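A.B. asks: This is the content of structure_38.tsv (TSV, C-alpha atoms):
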```tsv
chain	number	residue	atom	x	y	z
A	1	MET	CA	13.16	10.92	36.18
A	2	ALA	CA	13.72	12.27	32.67
A	3	GLU	CA	10.46	13.31	31.07
A	4	VAL	CA	9.20	11.18	28.20
A	5	GLU	CA	7.02	12.76	25.53
A	6	LEU	CA	5.19	11.43	22.52
A	7	ARG	CA	4.68	13.59	19.42
A	8	HIS	CA	1.29	13.28	17.77
A	9	LEU	CA	0.92	14.05	14.06
A	10	SER	CA	-2.53	14.56	12.59
A	11	ARG	CA	-3.44	14.06	8.92
A	12	ARG	CA	-2.96	17.80	8.40
A	13	ASP	CA	0.52	17.58	9.95
A	14	VAL	CA	1.45	14.59	7.79
A	15	ILE	CA	0.44	16.47	4.65
A	16	ALA	CA	2.45	19.55	5.70
A	17	LEU	CA	5.49	17.32	6.33
A	18	GLY	CA	5.47	15.79	2.84
A	19	GLY	CA	3.73	12.54	3.73
A	20	GLY	CA	1.94	12.54	0.38
A	21	ASP	CA	5.11	13.04	-1.70
A	22	ILE	CA	5.14	9.99	-4.00
A	23	ALA	CA	8.66	10.61	-5.32
A	24	ARG	CA	10.08	10.75	-1.78
A	25	ALA	CA	8.17	7.59	-0.93
A	26	VAL	CA	9.73	5.80	-3.92
A	27	GLU	CA	13.17	6.75	-2.53
A	28	ASP	CA	12.15	5.45	0.91
A	29	VAL	CA	10.86	2.13	-0.44
A	30	THR	CA	13.99	1.61	-2.53
A	31	GLU	CA	16.22	2.29	0.49
A	32	VAL	CA	14.20	-0.08	2.68
A	33	LEU	CA	14.59	-2.84	0.10
A	34	ARG	CA	18.36	-2.39	0.36
A	35	LEU	CA	18.18	-2.45	4.16
A	36	MET	CA	16.08	-5.63	4.10
A	37	ARG	CA	18.62	-7.24	1.79
A	38	ALA	CA	21.38	-6.28	4.25
A	39	GLY	CA	19.46	-7.61	7.25
A	40	GLU	CA	18.93	-4.11	8.67
A	41	ALA	CA	15.14	-4.11	8.31
A	42	ALA	CA	12.65	-6.83	9.16
A	43	MET	CA	9.03	-7.48	10.03
A	44	PRO	CA	7.08	-10.35	11.56
A	45	ALA	CA	3.77	-11.58	10.22
A	46	GLU	CA	0.71	-9.49	11.04
A	47	THR	CA	-1.53	-10.14	14.03
A	48	ALA	CA	-5.28	-9.72	13.59
A	49	VAL	CA	-8.31	-9.67	15.86
A	50	ALA	CA	-11.92	-9.77	14.76
A	51	LEU	CA	-14.22	-6.81	15.29
A	52	ALA	CA	-17.96	-7.11	15.76
A	53	GLY	CA	-20.55	-6.50	13.09
A	54	SER	CA	-19.03	-8.00	9.95
A	55	GLU	CA	-16.98	-10.99	8.84
A	56	GLN	CA	-14.50	-8.65	7.12
A	57	ALA	CA	-14.23	-6.31	10.12
A	58	LYS	CA	-10.81	-6.81	11.70
A	59	ALA	CA	-8.04	-4.87	13.39
A	60	TYR	CA	-4.44	-5.57	12.41
A	61	ALA	CA	-1.16	-4.99	14.22
A	62	LEU	CA	1.80	-4.79	11.84
A	63	ALA	CA	5.21	-4.37	13.45
A	64	ALA	CA	8.59	-3.70	11.84
A	65	ARG	CA	12.10	-2.42	12.47
A	66	VAL	CA	14.14	-0.43	9.95
A	67	GLY	CA	17.68	0.86	10.36
A	68	GLY	CA	19.76	3.21	8.23
A	69	ARG	CA	18.59	6.80	8.08
A	70	PHE	CA	15.19	5.77	9.50
A	71	GLY	CA	16.42	4.25	12.80
A	72	ALA	CA	12.97	3.19	13.89
A	73	ALA	CA	10.91	0.36	15.31
A	74	GLY	CA	7.16	0.61	15.24
A	75	VAL	CA	3.74	-0.86	14.76
A	76	LYS	CA	0.86	0.15	12.54
A	77	TRP	CA	-2.59	-0.48	14.01
A	78	THR	CA	-5.32	-0.55	11.39
A	79	ALA	CA	-9.03	-1.13	11.93
A	80	HIS	CA	-11.10	-2.29	8.94
A	81	ARG	CA	-14.42	-1.25	10.40
A	82	PRO	CA	-17.84	-2.86	10.01
A	83	PRO	CA	-20.31	-0.86	7.93
A	84	ALA	CA	-21.41	2.18	9.93
A	85	ARG	CA	-23.20	5.38	9.06
A	86	ASP	CA	-21.17	7.53	11.41
A	87	GLY	CA	-19.30	9.60	8.83
A	88	ALA	CA	-15.89	8.16	9.78
A	89	PRO	CA	-13.61	6.45	7.23
A	90	GLN	CA	-14.09	2.73	6.70
A	91	ILE	CA	-10.42	2.14	7.52
A	92	LEU	CA	-8.68	3.92	10.41
A	93	SER	CA	-4.94	3.65	10.92
A	94	LEU	CA	-2.30	4.84	13.38
A	95	THR	CA	1.46	4.19	13.45
A	96	LEU	CA	3.47	4.23	16.68
A	97	VAL	CA	7.24	4.78	16.22
A	98	ASN	CA	10.07	4.26	18.71
A	99	ASP	CA	13.74	5.09	18.32
A	100	LEU	CA	15.55	1.94	17.19
A	101	ALA	CA	18.66	2.58	19.30
A	102	THR	CA	17.09	3.71	22.58
A	103	GLY	CA	13.53	2.47	22.47
A	104	ARG	CA	12.22	5.90	23.42
A	105	PRO	CA	8.89	6.79	21.79
A	106	ARG	CA	9.13	9.23	18.91
A	107	GLY	CA	5.59	9.68	17.76
A	108	LEU	CA	2.07	8.57	16.97
A	109	VAL	CA	1.17	9.27	13.36
A	110	GLU	CA	-2.19	9.23	11.59
A	111	SER	CA	-1.16	6.94	8.80
A	112	ALA	CA	-3.95	6.49	6.24
A	113	LEU	CA	-2.21	8.94	3.89
A	114	LEU	CA	1.18	7.30	4.45
A	115	THR	CA	-0.29	3.87	3.68
A	116	ALA	CA	-1.81	5.10	0.42
A	117	THR	CA	1.42	6.90	-0.51
A	118	ARG	CA	3.75	3.95	0.12
A	119	THR	CA	1.35	1.62	-1.74
A	120	ALA	CA	1.36	3.92	-4.76
A	121	ALA	CA	5.16	4.14	-4.51
A	122	VAL	CA	5.43	0.34	-4.68
A	123	SER	CA	3.13	0.37	-7.70
A	124	ALA	CA	5.34	3.00	-9.33
A	125	LEU	CA	8.39	0.77	-8.88
A	126	ALA	CA	6.42	-2.18	-10.25
A	127	LEU	CA	5.39	-0.22	-13.33
A	128	ARG	CA	9.01	0.83	-13.88
A	129	THR	CA	10.57	-2.61	-13.43
A	130	MET	CA	7.93	-5.34	-13.73
A	131	ALA	CA	5.70	-4.08	-16.55
A	132	PRO	CA	6.49	-5.65	-19.91
A	133	ARG	CA	6.19	-2.26	-21.62
A	134	PRO	CA	6.24	1.37	-20.45
A	135	PRO	CA	2.58	2.18	-19.72
A	136	ARG	CA	0.83	4.63	-22.01
A	137	ARG	CA	-2.79	3.61	-21.45
A	138	VAL	CA	-3.72	2.79	-17.86
A	139	ALA	CA	-6.98	1.58	-16.30
A	140	VAL	CA	-7.75	2.15	-12.61
A	141	LEU	CA	-10.44	0.19	-10.80
A	142	GLY	CA	-11.78	1.85	-7.66
A	143	ALA	CA	-12.67	5.34	-6.48
A	144	GLY	CA	-11.35	5.40	-2.92
A	145	VAL	CA	-8.16	6.56	-1.27
A	146	GLN	CA	-5.95	4.03	-3.05
A	147	ALA	CA	-7.38	4.88	-6.47
A	148	ARG	CA	-6.77	8.58	-5.85
A	149	ALA	CA	-3.22	7.92	-4.67
A	150	HIS	CA	-2.49	5.84	-7.77
A	151	LEU	CA	-3.89	8.50	-10.09
A	152	ALA	CA	-1.69	11.07	-8.34
A	153	MET	CA	1.29	8.72	-8.76
A	154	LEU	CA	0.65	8.36	-12.49
A	155	ALA	CA	0.39	12.13	-12.91
A	156	ALA	CA	3.57	12.79	-10.93
A	157	LEU	CA	5.88	10.04	-12.18
A	158	PHE	CA	4.71	8.78	-15.58
A	159	PRO	CA	4.68	11.62	-18.12
A	160	ALA	CA	4.43	9.15	-21.01
A	161	VAL	CA	0.92	8.07	-19.97
A	162	GLU	CA	-1.52	9.27	-22.61
A	163	GLU	CA	-4.91	8.13	-21.34
A	164	VAL	CA	-6.50	6.80	-18.15
A	165	THR	CA	-9.73	4.83	-17.84
A	166	VAL	CA	-11.59	4.66	-14.51
A	167	TRP	CA	-14.20	2.21	-13.25
A	168	ASN	CA	-15.96	1.90	-9.92
A	169	ARG	CA	-18.96	-0.13	-8.86
A	170	SER	CA	-20.80	3.05	-7.85
A	171	PRO	CA	-21.45	5.35	-10.83
A	172	ASP	CA	-21.83	8.33	-8.51
A	173	ARG	CA	-18.43	7.75	-6.83
A	174	ARG	CA	-16.86	7.16	-10.23
A	175	LYS	CA	-18.17	10.45	-11.57
A	176	ALA	CA	-17.20	12.30	-8.39
A	177	LEU	CA	-13.64	11.00	-8.62
A	178	VAL	CA	-13.27	12.03	-12.23
A	179	ALA	CA	-14.78	15.45	-11.54
A	180	ALA	CA	-12.32	15.97	-8.69
A	181	ILE	CA	-9.16	15.02	-10.58
A	182	SER	CA	-9.93	16.00	-14.19
A	183	PRO	CA	-9.04	19.72	-13.86
A	184	ALA	CA	-5.44	18.91	-12.87
A	185	ALA	CA	-4.99	15.62	-14.74
A	186	PRO	CA	-2.37	15.71	-17.53
A	187	TRP	CA	-4.30	13.14	-19.59
A	188	PRO	CA	-7.90	12.57	-20.67
A	189	ILE	CA	-9.98	10.33	-18.42
A	190	ARG	CA	-12.49	7.86	-19.78
A	191	LEU	CA	-15.23	6.14	-17.79
A	192	ALA	CA	-15.78	2.39	-18.12
A	193	ASP	CA	-19.16	0.84	-17.45
A	194	ASP	CA	-17.92	-2.50	-16.10
A	195	PRO	CA	-14.69	-4.44	-15.40
A	196	ALA	CA	-15.18	-6.55	-18.52
A	197	GLN	CA	-14.81	-3.40	-20.60
A	198	ILE	CA	-11.51	-2.71	-18.81
A	199	ALA	CA	-10.28	-6.27	-19.42
A	200	ALA	CA	-11.16	-6.15	-23.11
A	201	GLY	CA	-9.67	-2.69	-23.61
A	202	ASP	CA	-6.22	-1.63	-24.75
A	203	ALA	CA	-4.69	-0.75	-21.36
A	204	ASP	CA	-0.98	-1.52	-20.93
A	205	ALA	CA	-1.55	-1.59	-17.16
A	206	ILE	CA	-4.57	-2.32	-15.00
A	207	LEU	CA	-4.38	-1.08	-11.41
A	208	ALA	CA	-7.03	-2.84	-9.31
A	209	CYS	CA	-7.62	-0.72	-6.20
A	210	THR	CA	-10.95	-2.02	-4.90
A	211	ALA	CA	-12.13	-3.78	-1.75
A	212	ALA	CA	-14.03	-6.40	-3.74
A	213	PRO	CA	-14.50	-9.59	-1.64
A	214	GLN	CA	-15.12	-11.64	-4.80
A	215	PRO	CA	-13.26	-11.56	-8.15
A	216	ILE	CA	-14.35	-9.02	-10.72
A	217	LEU	CA	-11.49	-9.63	-13.20
A	218	GLY	CA	-11.24	-12.95	-14.99
A	219	ARG	CA	-9.05	-14.60	-17.60
A	220	GLY	CA	-9.40	-11.83	-20.18
A	221	ALA	CA	-7.74	-9.27	-17.90
A	222	VAL	CA	-4.31	-10.91	-18.29
A	223	ARG	CA	-2.86	-10.65	-21.77
A	224	PRO	CA	0.52	-10.30	-23.54
A	225	GLY	CA	2.21	-6.93	-23.08
A	226	ARG	CA	0.08	-5.95	-20.08
A	227	ILE	CA	0.64	-5.87	-16.32
A	228	LEU	CA	-2.32	-6.46	-14.03
A	229	LEU	CA	-1.39	-5.00	-10.66
A	230	GLN	CA	-3.63	-6.06	-7.79
A	231	ILE	CA	-3.54	-3.59	-4.93
A	232	GLY	CA	-6.90	-4.42	-3.36
A	233	TYR	CA	-8.50	-7.40	-1.69
A	234	HIS	CA	-9.82	-10.21	-3.91
A	235	GLU	CA	-10.55	-8.58	-7.29
A	236	VAL	CA	-8.71	-11.13	-9.42
A	237	GLY	CA	-9.91	-14.64	-10.16
A	238	PHE	CA	-7.67	-17.70	-10.05
A	239	ASP	CA	-8.28	-18.27	-13.76
A	240	ALA	CA	-6.78	-14.84	-14.50
A	241	ILE	CA	-3.65	-15.57	-12.47
A	242	ASP	CA	-3.31	-18.89	-14.33
A	243	GLU	CA	-3.02	-16.92	-17.57
A	244	ALA	CA	0.05	-14.98	-16.47
A	245	ASP	CA	3.46	-15.74	-17.97
A	246	ALA	CA	5.10	-14.05	-14.97
A	247	VAL	CA	3.58	-13.83	-11.50
A	248	VAL	CA	5.42	-11.30	-9.34
A	249	VAL	CA	4.97	-10.03	-5.79
A	250	ASP	CA	6.31	-7.33	-3.51
A	251	LEU	CA	7.19	-10.12	-1.06
A	252	TRP	CA	6.07	-13.72	-0.55
A	253	ASP	CA	7.36	-14.73	2.91
A	254	ASP	CA	4.90	-15.65	5.71
A	255	PHE	CA	2.04	-13.62	4.21
A	256	ALA	CA	1.11	-16.51	1.94
A	257	ARG	CA	-0.20	-18.41	4.96
A	258	SER	CA	-2.59	-15.73	6.17
A	259	SER	CA	-3.37	-13.00	3.63
A	260	ALA	CA	-6.80	-12.85	2.00
A	261	LYS	CA	-5.31	-11.52	-1.25
A	262	SER	CA	-6.28	-13.51	-4.33
A	263	LEU	CA	-2.85	-15.01	-4.99
A	264	PHE	CA	-2.38	-16.22	-1.44
A	265	GLN	CA	-5.88	-17.69	-1.35
A	266	MET	CA	-4.98	-19.51	-4.55
A	267	HIS	CA	-1.76	-20.80	-2.98
A	268	ARG	CA	-3.57	-22.16	0.09
A	269	ALA	CA	-6.13	-23.83	-2.17
A	270	GLY	CA	-3.29	-25.80	-3.78
A	271	ARG	CA	-3.65	-23.97	-7.09
A	272	PHE	CA	-0.41	-21.95	-7.05
A	273	PRO	CA	3.00	-23.29	-5.93
A	274	ALA	CA	5.41	-20.78	-4.42
A	275	GLU	CA	8.05	-21.88	-6.96
A	276	ARG	CA	6.00	-20.24	-9.72
A	277	VAL	CA	6.75	-16.72	-8.41
A	278	ALA	CA	9.03	-15.19	-11.04
A	279	ALA	CA	10.34	-12.26	-8.98
A	280	ASP	CA	9.72	-10.06	-5.98
A	281	LEU	CA	10.15	-6.31	-5.74
A	282	ALA	CA	13.75	-6.49	-4.48
A	283	THR	CA	14.73	-8.81	-7.35
A	284	ALA	CA	13.34	-6.30	-9.84
A	285	VAL	CA	14.52	-3.06	-8.21
A	286	LEU	CA	17.93	-4.18	-6.91
A	287	ASP	CA	18.89	-7.02	-9.26
A	288	GLY	CA	17.40	-5.85	-12.55
A	289	TRP	CA	14.89	-8.66	-13.21
A	290	ARG	CA	12.66	-7.80	-16.18
A	291	PRO	CA	9.83	-9.62	-17.99
A	292	ALA	CA	9.81	-10.16	-21.74
A	293	PRO	CA	8.16	-7.31	-23.73
A	294	ASP	CA	5.31	-9.60	-24.77
A	295	ALA	CA	4.82	-11.25	-21.37
A	296	ALA	CA	1.49	-11.28	-19.57
A	297	VAL	CA	2.38	-10.11	-16.04
A	298	TYR	CA	0.31	-10.33	-12.86
A	299	MET	CA	1.54	-8.65	-9.68
A	300	SER	CA	0.11	-9.10	-6.20
A	301	SER	CA	1.00	-6.11	-4.01
A	302	PHE	CA	0.55	-7.14	-0.38
A	303	GLY	CA	1.70	-3.87	1.19
A	304	LEU	CA	4.70	-4.17	3.50
A	305	ASN	CA	4.42	-2.58	6.91
A	306	VAL	CA	8.18	-1.99	7.04
A	307	PHE	CA	7.57	0.73	4.44
A	308	ASP	CA	4.93	2.33	6.69
A	309	ILE	CA	7.39	2.53	9.58
A	310	ALA	CA	10.04	4.07	7.31
A	311	LEU	CA	7.72	6.76	5.96
A	312	ALA	CA	6.42	7.55	9.45
A	313	ALA	CA	10.00	7.83	10.74
A	314	ARG	CA	10.90	10.24	7.92
A	315	VAL	CA	7.98	12.60	8.57
A	316	LEU	CA	8.63	12.41	12.33
A	317	ALA	CA	12.27	13.41	11.82
A	318	ARG	CA	11.13	16.53	9.99
A	319	ALA	CA	8.43	17.19	12.60
A	320	GLU	CA	11.08	17.05	15.33
A	321	ALA	CA	13.37	19.42	13.42
A	322	GLU	CA	10.57	21.91	12.75
A	323	ASP	CA	8.59	21.32	15.97
A	324	ILE	CA	5.42	20.35	14.14
A	325	GLY	CA	2.68	18.38	15.86
A	326	ARG	CA	1.52	18.14	19.43
A	327	THR	CA	3.75	16.68	22.16
A	328	LEU	CA	2.00	14.60	24.80
A	329	PRO	CA	3.58	13.80	28.20
A	330	MET	CA	4.00	10.13	29.08
A	331	SER	CA	6.11	10.04	32.27
A	332	GLY	CA	5.02	10.90	35.80
A	333	ASP	CA	6.82	12.50	38.74
A	334	GLU	CA	10.08	11.42	40.37
A	335	ARG	CA	8.32	8.47	42.08
A	336	GLY	CA	7.49	7.02	38.68
A	337	GLY	CA	3.90	8.20	38.54
A	338	TRP	CA	2.40	5.66	40.95
A	339	PRO	CA	-0.94	6.81	42.38
A	340	TRP	CA	0.32	6.59	46.01
A	341	PRO	CA	3.16	8.17	47.98
```
Show how you would write the structure in this file as structure tokens.
C.D. replies:
Amino acid sequence: MAEVELRHLSRRDVIALGGGDIARAVEDVTEVLRLMRAGEAAMPAETAVALAGSEQAKAYALAARVGGRFGAAGVKWTAHRPPARDGAPQILSLTLVNDLATGRPRGLVESALLTATRTAAVSALALRTMAPRPPRRVAVLGAGVQARAHLAMLAALFPAVEEVTVWNRSPDRRKALVAAISPAAPWPIRLADDPAQIAAGDADAILACTAAPQPILGRGAVRPGRILLQIGYHEVGFDAIDEADAVVVDLWDDFARSSAKSLFQMHRAGRFPAERVAADLATAVLDGWRPAPDAAVYMSSFGLNVFDIALAARVLARAEAEDIGRTLPMSGDERGGWPWP
């Protein structure tokens, strides 16, 4: 029997292999959009199971296949944990990748960094194609992994940005984030005291990266010439979405029936018909859809697991070429590994 091995990549390995490279992730996402359009990439709806300890605590299985240079099928398994004082991250995520042609396992990848990177890459494409104006003043809500990834994305890909404002519910986390990124930031960073100050400010783009279970941004957050990009959970109220001239998404599809994101909750409540979606990410990136310069734009970024599989496949290909990571045996002896003769 031919030996079967599985390559394990830790967070340190993923970083060394370029998993945090936002520009590369933008290329990956753009290529996957083309593959989806051609029928060479697809994903079913997510599957979720409840965890104990909290109503929001769930584990999600998100499968996808992606052809082209990625040649992979895989599943991302993410646990949104109940509150625990054990020092571990609130969200833990692993991605298992198999070869698309043979089905052989390629690797198991710690994927929190990849998730943050592909999400920021989608936001970068949205800012390039769906924003009514090139962003110069940007507000970021949140101080976690997604907020940090989006600040890194702005610094790497948007040299025209002149100022960034940051808000987080916890003043200590807000100050810690700013202290960590200020020395390398190419723009001044302001601190906001509350979301209302963000909404009433002069930001061209608001990037909502929180885990808020109830809306913290209302009608005033959506205004002409601004894009409100919702990356997080339920930060945006239905009244704010109602104010948008153009509502855009990364993808609508089956997610509208199950996702807890604000827009999809609004749809299931009968407040938002699917026909009102002005464009999705593929329409903007591949077909050139653009909003009017004075449009008020709201984008709901669901986060497509097909992008996770593509990024994991890319870093695994480099890991295989450079022999990075730890290989774990899966097969047994010539009898197939049964525990009897």
A.B. asks: Counting only C-alpha atoms, which of A:Trp252, A:Tyr60, A:Phe238, A:Trp289 gets nearest to A:Gly220?
C.D. replies: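 Distance minimum relative to A:Gly220 lands on A:Phe238.
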A.B. asks: Give me the residues near A:Leu94 as a list in words, where near means some atom within 6 Å (using only C-alpha atoms) and where sequence neighbours in that chain fewer than 4 positions away do not count.
C.D. replies: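 In the requested form, the answer reads Lys76, Trp77, Val109, Glu110 and Ser111 of chain A.
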A.B. asks: With only C-alpha atoms as the basis for distance, which of A:Leu9, A:Val222, A:Leu286, A:Ala143 is at the shortest distance from A:Asp172?
C.D. replies: A:Ala143
A.B. asks: Find the distance between atom CA of A:Asp193 and atom CA of A:Ala152 and write it in Å to one decimal.
C.D. replies: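 We find that atom CA of A:Asp193 and atom CA of A:Ala152 lie 22.2 Å from each other.
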A.B. asks: Which residue gives the smallest distance to A:Leu217 among A:Met299, A:Ala205, A:Val4, A:Ala199, with all atoms listed in the file counted?
C.D. replies: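 For A:Leu217, the nearest of the candidates is A:Ala199.
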A.B. asks: For A:Thr283, which residue among A:Ala84, A:Val249, A:Ala319, A:Val236 is the nearest when counting only C-alpha atoms?
C.D. replies: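 Nearest to A:Thr283: A:Val249.
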A.B. asks: Between atom CA of A:Arg290 and atom CA of A:Thr129, what is the distance, to one decimal in Å?
C.D. replies: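 Atom CA of A:Thr129 lies at a distance of 6.2 Å from atom CA of A:Arg290.
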A.B. asks: Figure out the distance between atom CA of A:Arg118 and atom CA of A:Phe158, please, to one decimal in Å.
C.D. replies: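 Atom CA of A:Arg118 lies at a distance of 16.5 Å from atom CA of A:Phe158.
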A.B. asks: Counting all atoms listed in the file, what are the residues of stretch 237-257 of chain A within 9 Å of stretch 40-49 of chain A, and for each of them which pair of atoms is the nearest and at what distance in Å, to one decimal? Sort the table by chain and rising number, as CSV.
C.D. replies:
```
residue,atom,partner,partner_atom,distance
A:Asp253,CA,A:Ala45,CA,8.7
A:Asp254,CA,A:Ala45,CA,6.2
A:Phe255,CA,A:Ala45,CA,6.6
```
A.B. asks: Restricting the output to C-alpha atoms, write the selected residues as a PDB file, in the coordinates of the input.
C.D. replies:
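Final output, again29.pdb:
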```
ATOM      1  CA  ASP A 253       7.360 -14.730   2.910  1.00  0.00           C
ATOM      2  CA  ASP A 254       4.900 -15.650   5.710  1.00  0.00           C
ATOM      3  CA  PHE A 255       2.040 -13.620   4.210  1.00  0.00           C
TER       4      PHE A 255
END
```
